[in-house]
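A.B. asks: For reference, this is final.csv, and it has CSV, C-alpha atoms.
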chain,number,residue,atom,x,y,z
Y,1,MET,CA,73.7,71.4,2.1
Y,2,LYS,CA,71.0,71.8,4.8
Y,3,ARG,CA,68.4,71.9,2.1
Y,4,LEU,CA,69.7,68.6,0.7
Y,5,ILE,CA,69.6,67.0,4.1
Y,6,LEU,CA,66.0,68.3,4.8
Y,7,LEU,CA,64.9,66.9,1.4
Y,8,LEU,CA,66.4,63.5,2.2
Y,9,LEU,CA,64.7,63.5,5.6
Y,10,LEU,CA,61.4,64.5,4.1
Y,11,GLY,CA,61.7,61.8,1.4
Y,12,LEU,CA,62.5,59.2,4.0
Y,13,PHE,CA,59.5,60.4,6.1
Y,14,LEU,CA,57.2,60.1,3.1
Y,15,VAL,CA,58.4,56.6,2.3
Y,16,ALA,CA,57.9,55.5,5.8
Y,17,CYS,CA,54.4,56.9,5.9
Y,18,THR,CA,53.3,55.1,2.7
Y,19,THR,CA,54.5,51.6,3.7
Y,20,ALA,CA,53.2,51.6,7.2
Y,21,THR,CA,50.0,49.5,7.9
Y,22,PRO,CA,47.3,51.5,9.5
Y,23,ALA,CA,46.8,50.2,13.0
Y,24,ALA,CA,43.3,51.4,13.1
Y,25,ASP,CA,42.1,48.9,10.5
Y,26,PRO,CA,40.0,46.1,12.0
Y,27,ALA,CA,41.2,42.6,11.5
Y,28,PRO,CA,39.3,40.8,8.7
Y,29,VAL,CA,36.5,38.5,10.1
Y,30,ASP,CA,35.0,35.7,8.0
Y,31,THR,CA,31.4,36.4,8.6
Y,32,GLU,CA,28.2,35.6,6.7
Y,33,PRO,CA,25.2,37.8,6.9
Y,34,THR,CA,22.3,36.5,9.0
Y,35,PRO,CA,20.4,34.3,6.7
Y,36,GLU,CA,17.1,35.5,5.5
Y,37,ARG,CA,15.0,33.4,3.3
Y,38,GLY,CA,15.3,35.5,0.2
Y,39,SER,CA,19.0,36.2,0.5
Y,40,ASP,CA,19.8,32.7,1.4
Y,41,VAL,CA,18.2,31.4,-1.8
Y,42,ALA,CA,20.1,34.0,-3.7
Y,43,ARG,CA,23.3,33.0,-2.1
Y,44,VAL,CA,22.8,29.3,-2.8
Y,45,GLU,CA,22.0,30.0,-6.4
Y,46,SER,CA,25.0,32.2,-6.9
Y,47,THR,CA,27.4,29.8,-5.2
Y,48,ALA,CA,26.0,26.9,-7.2
Y,49,VAL,CA,27.5,28.4,-10.3
Y,50,SER,CA,31.0,28.9,-8.9
Y,51,GLU,CA,31.4,25.9,-6.7
Y,52,PRO,CA,29.4,22.8,-6.0
Y,53,VAL,CA,27.2,22.8,-3.0
Y,54,ALA,CA,26.1,19.6,-1.2
Y,55,PRO,CA,22.5,19.1,-2.4
Y,56,ALA,CA,21.2,17.7,0.9
Y,57,ALA,CA,22.4,20.8,2.8
Y,58,THR,CA,20.9,23.1,0.3
Y,59,ILE,CA,17.6,21.4,0.4
Y,60,ALA,CA,17.6,21.3,4.2
Y,61,GLU,CA,18.3,25.0,4.2
Y,62,ILE,CA,15.6,25.9,1.7
Y,63,VAL,CA,12.8,23.5,2.3
Y,64,GLU,CA,10.9,23.6,5.6
Y,65,PRO,CA,10.3,20.2,7.1
Y,66,MET,CA,6.7,19.0,6.8
Y,67,ALA,CA,4.8,19.1,10.0
Y,68,GLU,CA,3.4,15.6,9.4
Y,69,ALA,CA,4.1,13.0,6.9
Y,70,VAL,CA,1.2,12.5,4.5
Y,71,PRO,CA,0.7,9.0,3.3
Y,72,VAL,CA,0.1,8.6,-0.4
Y,73,VAL,CA,-2.6,6.0,-1.2
Y,74,VAL,CA,-3.4,4.9,-4.7
Y,75,VAL,CA,-7.0,3.8,-4.9
Y,76,ASP,CA,-8.6,1.8,-7.7
Y,77,PRO,CA,-12.0,3.5,-8.1
Y,78,THR,CA,-13.8,0.3,-8.9
Y,79,LYS,CA,-12.5,-1.5,-5.8
Y,80,ALA,CA,-13.1,1.6,-3.7
Y,81,LEU,CA,-16.7,1.4,-4.8
Y,82,ALA,CA,-16.9,-2.3,-4.0
Y,83,THR,CA,-15.4,-1.7,-0.6
Y,84,ALA,CA,-17.8,1.2,0.1
Y,85,THR,CA,-20.8,-1.0,-0.6
Y,86,THR,CA,-19.6,-3.9,1.4
Y,87,GLU,CA,-21.5,-4.6,4.6
Y,88,SER,CA,-19.9,-4.6,8.0
Y,89,VAL,CA,-16.3,-5.8,8.2
Y,90,ASN,CA,-16.1,-8.9,10.3
Y,91,THR,CA,-12.5,-9.8,11.3
Y,92,ALA,CA,-13.5,-12.8,13.3
Y,93,VAL,CA,-12.6,-15.7,11.0
Y,94,VAL,CA,-14.1,-18.9,12.1
Y,95,SER,CA,-14.1,-22.4,10.7
Y,96,GLY,CA,-16.5,-25.2,10.9
Y,97,ARG,CA,-18.6,-27.6,8.8
Y,98,THR,CA,-21.5,-27.1,6.5
Y,99,ALA,CA,-24.7,-29.0,6.9
Y,100,ASP,CA,-23.4,-31.4,4.2
Y,101,GLY,CA,-20.2,-32.0,6.2
Y,102,ALA,CA,-17.8,-30.0,4.1
Y,103,PHE,CA,-15.3,-27.7,6.0
Y,104,PHE,CA,-15.6,-24.0,5.7
Y,105,LEU,CA,-13.4,-21.0,6.7
Y,106,GLY,CA,-14.9,-17.5,7.2
Y,107,ALA,CA,-17.8,-15.8,8.7
Y,108,PRO,CA,-20.8,-18.2,8.5
Y,109,ASP,CA,-23.0,-15.3,7.4
Y,110,ALA,CA,-20.5,-14.0,4.8
Y,111,PRO,CA,-22.4,-12.6,1.8
Y,112,ILE,CA,-20.3,-14.6,-0.7
Y,113,THR,CA,-19.7,-18.3,-0.5
Y,114,LEU,CA,-16.8,-19.7,-2.6
Y,115,ILE,CA,-17.1,-23.5,-2.9
Y,116,ASP,CA,-13.7,-24.9,-3.9
Y,117,TYR,CA,-14.3,-28.3,-5.6
Y,118,SER,CA,-10.8,-29.7,-5.5
Y,119,ASP,CA,-8.5,-32.6,-5.0
Y,120,PHE,CA,-5.3,-32.5,-3.0
Y,121,LEU,CA,-3.6,-34.0,-6.1
I,122,MET,CA,-6.3,-23.1,-5.2
I,123,LEU,CA,-3.4,-23.0,-2.8
I,124,GLY,CA,-1.5,-20.3,-4.7
I,125,THR,CA,-4.3,-17.7,-4.6
I,126,GLU,CA,-5.9,-18.9,-1.3
I,127,PRO,CA,-3.7,-16.9,1.1
I,128,GLN,CA,-4.5,-13.7,-0.7
I,129,ILE,CA,-8.2,-14.4,-0.9
I,130,ILE,CA,-8.2,-15.3,2.8
I,131,ALA,CA,-6.4,-12.1,3.8
I,132,SER,CA,-8.5,-9.8,1.6
I,133,TYR,CA,-11.9,-11.3,1.6
I,134,VAL,CA,-12.3,-14.0,4.3
I,135,GLU,CA,-10.7,-12.2,7.1
I,136,THR,CA,-12.8,-9.1,6.3
I,137,GLY,CA,-16.0,-11.1,6.5
I,138,ARG,CA,-16.9,-10.8,2.9
I,139,VAL,CA,-16.2,-14.4,1.7
I,140,LYS,CA,-16.6,-17.8,3.2
I,141,ILE,CA,-14.5,-20.6,1.6
I,142,VAL,CA,-15.9,-24.2,1.5
I,143,PHE,CA,-13.6,-27.0,0.6
I,144,TRP,CA,-15.4,-29.8,-1.3
I,145,PRO,CA,-13.4,-32.9,-2.2
I,146,VAL,CA,-13.3,-34.2,-5.7
I,147,LEU,CA,-11.9,-37.7,-5.8
I,148,ASN,CA,-10.7,-38.1,-9.3
I,149,HIS,CA,-7.4,-39.9,-8.8
I,150,GLY,CA,-8.3,-43.1,-7.1
I,151,ASP,CA,-6.7,-44.1,-3.8
I,152,PRO,CA,-4.3,-41.1,-3.5
I,153,SER,CA,-7.3,-38.8,-3.7
I,154,ILE,CA,-9.4,-40.9,-1.3
I,155,TYR,CA,-6.7,-41.3,1.4
I,156,SER,CA,-5.4,-37.7,1.3
I,157,THR,CA,-9.0,-36.5,1.7
I,158,LEU,CA,-9.7,-39.1,4.4
I,159,THR,CA,-6.6,-37.7,6.2
I,160,ALA,CA,-8.1,-34.2,6.0
I,161,GLU,CA,-11.4,-35.5,7.2
I,162,CYS,CA,-9.9,-37.3,10.2
I,163,VAL,CA,-7.7,-34.3,11.2
I,164,GLY,CA,-10.8,-32.1,10.8
I,165,GLN,CA,-12.8,-34.3,13.2
I,166,GLN,CA,-10.4,-33.1,15.9
I,167,GLY,CA,-10.9,-29.5,15.0
I,168,SER,CA,-11.9,-27.5,12.0
I,169,ASP,CA,-8.9,-25.2,12.4
I,170,ALA,CA,-6.7,-28.3,12.2
I,171,PHE,CA,-8.4,-29.2,8.9
I,172,TRP,CA,-7.3,-25.9,7.3
I,173,THR,CA,-3.8,-26.5,8.5
I,174,VAL,CA,-3.6,-30.0,7.1
I,175,HIS,CA,-5.4,-28.8,4.0
I,176,GLU,CA,-2.5,-26.4,3.3
I,177,LEU,CA,0.1,-29.0,4.2
I,178,LEU,CA,-1.4,-31.6,1.9
I,179,PHE,CA,-1.4,-29.2,-1.0
I,180,THR,CA,2.1,-28.1,-0.3
I,181,ASN,CA,3.3,-31.7,-0.4
I,182,GLN,CA,1.1,-32.6,-3.3
I,183,ARG,CA,3.8,-34.6,-5.1
I,184,ASP,CA,4.3,-37.0,-2.2
I,185,LEU,CA,0.6,-38.0,-2.2
I,186,TRP,CA,0.8,-40.1,-5.3
I,187,THR,CA,2.9,-42.7,-3.4
I,188,ALA,CA,1.9,-41.9,0.2
I,189,GLY,CA,0.6,-44.7,2.4
I,190,ARG,CA,-0.9,-44.9,5.9
I,191,ASN,CA,2.3,-44.1,7.7
I,192,TYR,CA,2.8,-41.0,5.7
I,193,TYR,CA,-0.7,-39.7,6.6
I,194,VAL,CA,-0.3,-40.6,10.2
I,195,ASP,CA,2.9,-38.6,10.3
I,196,THR,CA,1.2,-35.7,8.5
I,197,ALA,CA,-1.6,-35.7,11.1
I,198,VAL,CA,0.9,-35.8,14.0
I,199,ARG,CA,2.7,-32.8,12.4
I,200,VAL,CA,-0.4,-30.7,12.6
I,201,GLY,CA,-0.8,-31.5,16.2
I,202,VAL,CA,-3.8,-33.9,16.4
I,203,ASP,CA,-4.0,-36.9,18.6
I,204,GLN,CA,-2.4,-39.9,16.8
I,205,ALA,CA,-4.6,-42.7,18.3
I,206,THR,CA,-7.8,-40.7,17.6
I,207,PHE,CA,-6.6,-40.0,14.1
I,208,GLU,CA,-5.8,-43.6,13.4
I,209,ALA,CA,-9.1,-44.8,14.7
I,210,CYS,CA,-10.8,-42.4,12.3
I,211,TYR,CA,-8.6,-43.3,9.4
I,212,ASP,CA,-9.4,-47.0,9.8
I,213,SER,CA,-13.1,-46.4,10.3
I,214,PRO,CA,-15.5,-47.3,7.5
I,215,SER,CA,-17.8,-44.5,8.5
I,216,SER,CA,-15.1,-41.9,8.0
I,217,LEU,CA,-14.5,-43.2,4.5
I,218,ASP,CA,-18.2,-43.1,3.8
I,219,ALA,CA,-18.4,-39.5,4.8
I,220,VAL,CA,-15.7,-38.6,2.3
I,221,LEU,CA,-17.3,-40.6,-0.4
I,222,ALA,CA,-20.7,-39.0,0.3
I,223,LEU,CA,-19.3,-35.6,-0.4
I,224,ASP,CA,-17.8,-36.8,-3.6
I,225,ASN,CA,-21.1,-38.3,-4.7
I,226,LEU,CA,-22.9,-35.0,-3.9
I,227,ARG,CA,-20.6,-33.0,-6.2
I,228,ARG,CA,-21.3,-35.4,-9.0
I,229,GLN,CA,-25.0,-34.9,-8.4
I,230,ARG,CA,-24.3,-31.1,-8.7
I,231,GLY,CA,-22.7,-31.7,-12.1
I,232,VAL,CA,-19.1,-31.0,-11.0
I,233,PHE,CA,-16.8,-33.4,-12.7
I,234,ASN,CA,-13.5,-31.6,-13.1
I,235,GLN,CA,-11.2,-30.0,-10.5
I,236,PRO,CA,-10.7,-27.4,-9.6
I,237,THR,CA,-14.1,-26.0,-10.1
I,238,PHE,CA,-15.2,-22.9,-8.1
I,239,ASP,CA,-18.8,-22.0,-7.3
I,240,VAL,CA,-19.1,-18.3,-6.2
I,241,ASN,CA,-22.7,-17.8,-5.2
I,242,GLY,CA,-23.8,-20.0,-8.0
I,243,GLN,CA,-21.4,-18.5,-10.6
I,244,ILE,CA,-19.1,-21.3,-11.9
I,245,ILE,CA,-15.4,-20.7,-12.5
I,246,ALA,CA,-13.7,-23.7,-14.1
I,247,GLY,CA,-9.9,-24.2,-13.7
I,248,LEU,CA,-7.1,-22.4,-12.0
I,249,HIS,CA,-7.1,-18.6,-12.2
I,250,SER,CA,-5.2,-15.7,-10.7
I,251,TYR,CA,-6.1,-13.9,-7.6
I,252,GLU,CA,-7.3,-10.9,-9.7
I,253,VAL,CA,-9.9,-13.0,-11.4
I,254,PHE,CA,-11.5,-14.0,-8.1
I,255,ALA,CA,-11.1,-10.6,-6.7
I,256,ASP,CA,-13.0,-9.1,-9.7
I,257,VAL,CA,-15.8,-11.6,-9.2
I,258,PHE,CA,-16.1,-10.9,-5.5
I,259,ASP,CA,-16.0,-7.1,-6.0
I,260,ARG,CA,-18.7,-7.2,-8.7
I,261,MET,CA,-20.9,-9.3,-6.5
I,262,SER,CA,-20.4,-6.9,-3.6
I,263,VAL,CA,-21.4,-4.0,-5.8
I,264,GLU,CA,-24.5,-5.8,-7.0
I,265,ARG,CA,-25.7,-6.5,-3.6
How does the structure come out when it is put into structure tokens?

C.D. replies:
Amino acid sequence: MKRLILLLLLGLFLVACTTATPAADPAPVDTEPTPERGSDVARVESTAVSEPVAPAATIAEIVEPMAEAVPVVVVDPTKALATATTESVNTAVVSGRTADGAFFLGAPDAPITLIDYSDFL
Amino acid sequence: MLGTEPQIIASYVETGRVKIVFWPVLNHGDPSIYSTLTAECVGQQGSDAFWTVHELLFTNQRDLWTAGRNYYVDTAVRVGVDQATFEACYDSPSSLDAVLALDNLRRQRGVFNQPTFDVNGQIIAGLHSYEVFADVFDRMSVER
């Protein structure tokens, strides 16, 4: 009879041991590793497969901002040549009359004269 | 010319590369004469005012066919010149003679149609896009 009671107590003890939560386990913390460039890219690529990632945030994380915006200028080579060979730029636009009495607009010594023979009608 | 003129002024006149001369061609009788006389008389009070009224007259081109003295006086006042001085000029035979003299000169030069453009001696007849003028100006600049 004593053996039977001891066995029952032992069984109860074992059951109690297996169901108890270990108190020493740390609480789960939702942490991300400190981002490093390589690992960060890898993380973005891996998560892109499983769930969508906002593109703007992704680009902002990956791409370094440019130190200075660089303007893009499209240049017509023929016009660039013409500009390069032009004489000094004169921004002072004047108006007046020619010796014949016609009205002009522009620098009096401009290299090109455009005579507009025209009617207001 | 009005359509391409602002671009030509911005790109070539204001940079000192081109000078524009307006030369009247009186091919449509009284409407041509009196619109040009108006520009002349406004211009006598300031060449800047001439270019202002020049643009205004082209903009209101349709009105000019039936415009009379009052219309031109109103136009002159709109651009800010003195009305009495303008009217004295408008009514003066010498002002009309000045306008007609320029018209005679262009005939002597062999210009009979408008618009006709003379770019350093190279004649361009008729209306053309800004790009046509720009091309001529740029080629001349390169050749210099």

A.B. asks: Around the point (-4.9, -37.7, 13.0) in the file's coordinates, collect all residues with an atom within 12 Å, using only C-alpha atoms, and return them as number ranges by chain.

C.D. replies: I: 156, 158-167, 170-171, 174, 190-212

A.B. asks: For chain Y against chain I, with a cut-off of 6 Å and counting all atoms listed in the file, what is the closest atom pair and its distance in Å to one decimal for every residue that makes the cut, ordered by chain and number, as JSON lines?

C.D. replies:
{"residue": "Y:Ala82", "atom": "CA", "partner": "I:Val263", "partner_atom": "CA", "distance": 5.1}
{"residue": "Y:Thr86", "atom": "CA", "partner": "I:Ser262", "partner_atom": "CA", "distance": 5.9}
{"residue": "Y:Val89", "atom": "CA", "partner": "I:Thr136", "partner_atom": "CA", "distance": 5.2}
{"residue": "Y:Asn90", "atom": "CA", "partner": "I:Gly137", "partner_atom": "CA", "distance": 4.4}
{"residue": "Y:Thr91", "atom": "CA", "partner": "I:Thr136", "partner_atom": "CA", "distance": 5.1}
{"residue": "Y:Val93", "atom": "CA", "partner": "I:Glu135", "partner_atom": "CA", "distance": 5.6}
{"residue": "Y:Ser95", "atom": "CA", "partner": "I:Ser168", "partner_atom": "CA", "distance": 5.7}
{"residue": "Y:Gly96", "atom": "CA", "partner": "I:Ser168", "partner_atom": "CA", "distance": 5.3}
{"residue": "Y:Ala102", "atom": "CA", "partner": "I:Trp144", "partner_atom": "CA", "distance": 5.9}
{"residue": "Y:Phe103", "atom": "CA", "partner": "I:Phe143", "partner_atom": "CA", "distance": 5.7}
{"residue": "Y:Phe104", "atom": "CA", "partner": "I:Val142", "partner_atom": "CA", "distance": 4.2}
{"residue": "Y:Leu105", "atom": "CA", "partner": "I:Ile141", "partner_atom": "CA", "distance": 5.2}
{"residue": "Y:Gly106", "atom": "CA", "partner": "I:Lys140", "partner_atom": "CA", "distance": 4.4}
{"residue": "Y:Ala107", "atom": "CA", "partner": "I:Gly137", "partner_atom": "CA", "distance": 5.5}
{"residue": "Y:Ala110", "atom": "CA", "partner": "I:Arg138", "partner_atom": "CA", "distance": 5.2}
{"residue": "Y:Pro111", "atom": "CA", "partner": "I:Arg138", "partner_atom": "CA", "distance": 5.9}
{"residue": "Y:Ile112", "atom": "CA", "partner": "I:Val139", "partner_atom": "CA", "distance": 4.8}
{"residue": "Y:Thr113", "atom": "CA", "partner": "I:Lys140", "partner_atom": "CA", "distance": 4.9}
{"residue": "Y:Leu114", "atom": "CA", "partner": "I:Val240", "partner_atom": "CA", "distance": 4.5}
{"residue": "Y:Ile115", "atom": "CA", "partner": "I:Val142", "partner_atom": "CA", "distance": 4.6}
{"residue": "Y:Asp116", "atom": "CA", "partner": "I:Phe238", "partner_atom": "CA", "distance": 4.9}
{"residue": "Y:Tyr117", "atom": "CA", "partner": "I:Trp144", "partner_atom": "CA", "distance": 4.7}
{"residue": "Y:Ser118", "atom": "CA", "partner": "I:Pro236", "partner_atom": "CA", "distance": 4.7}
{"residue": "Y:Asp119", "atom": "CA", "partner": "I:Val146", "partner_atom": "CA", "distance": 5.1}
{"residue": "Y:Phe120", "atom": "CA", "partner": "I:Phe179", "partner_atom": "CA", "distance": 5.5}
{"residue": "Y:Leu121", "atom": "CA", "partner": "I:Gln182", "partner_atom": "CA", "distance": 5.6}

A.B. asks: So what do you get for CA of Glu126 in chain I versus CA of Gly150 in chain I, distance-wise?

C.D. replies: 25.0 Å

A.B. asks: From the set I:Thr173, I:Gly231, I:His249, I:Leu221, which residue has the shortest atom-to-atom contact distance to Gly101 in chain Y, counting only C-alpha atoms?

C.D. replies: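 For Gly101 in chain Y, the nearest of the given residues is I:Leu221.
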
A.B. asks: Please report the interatomic distance between CA of Asp109 in chain Y and CA of Asn225 in chain I in Å with one decimal.

C.D. replies: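 Computed distance, CA of Asp109 in chain Y to CA of Asn225 in chain I, equals 26.1 Å.
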
A.B. asks: When you draw a straight line from CA of Gln128 in chain I to CA of Tyr251 in chain I, how long is it in Å?

C.D. replies: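 A separation of 7.1 Å between them.
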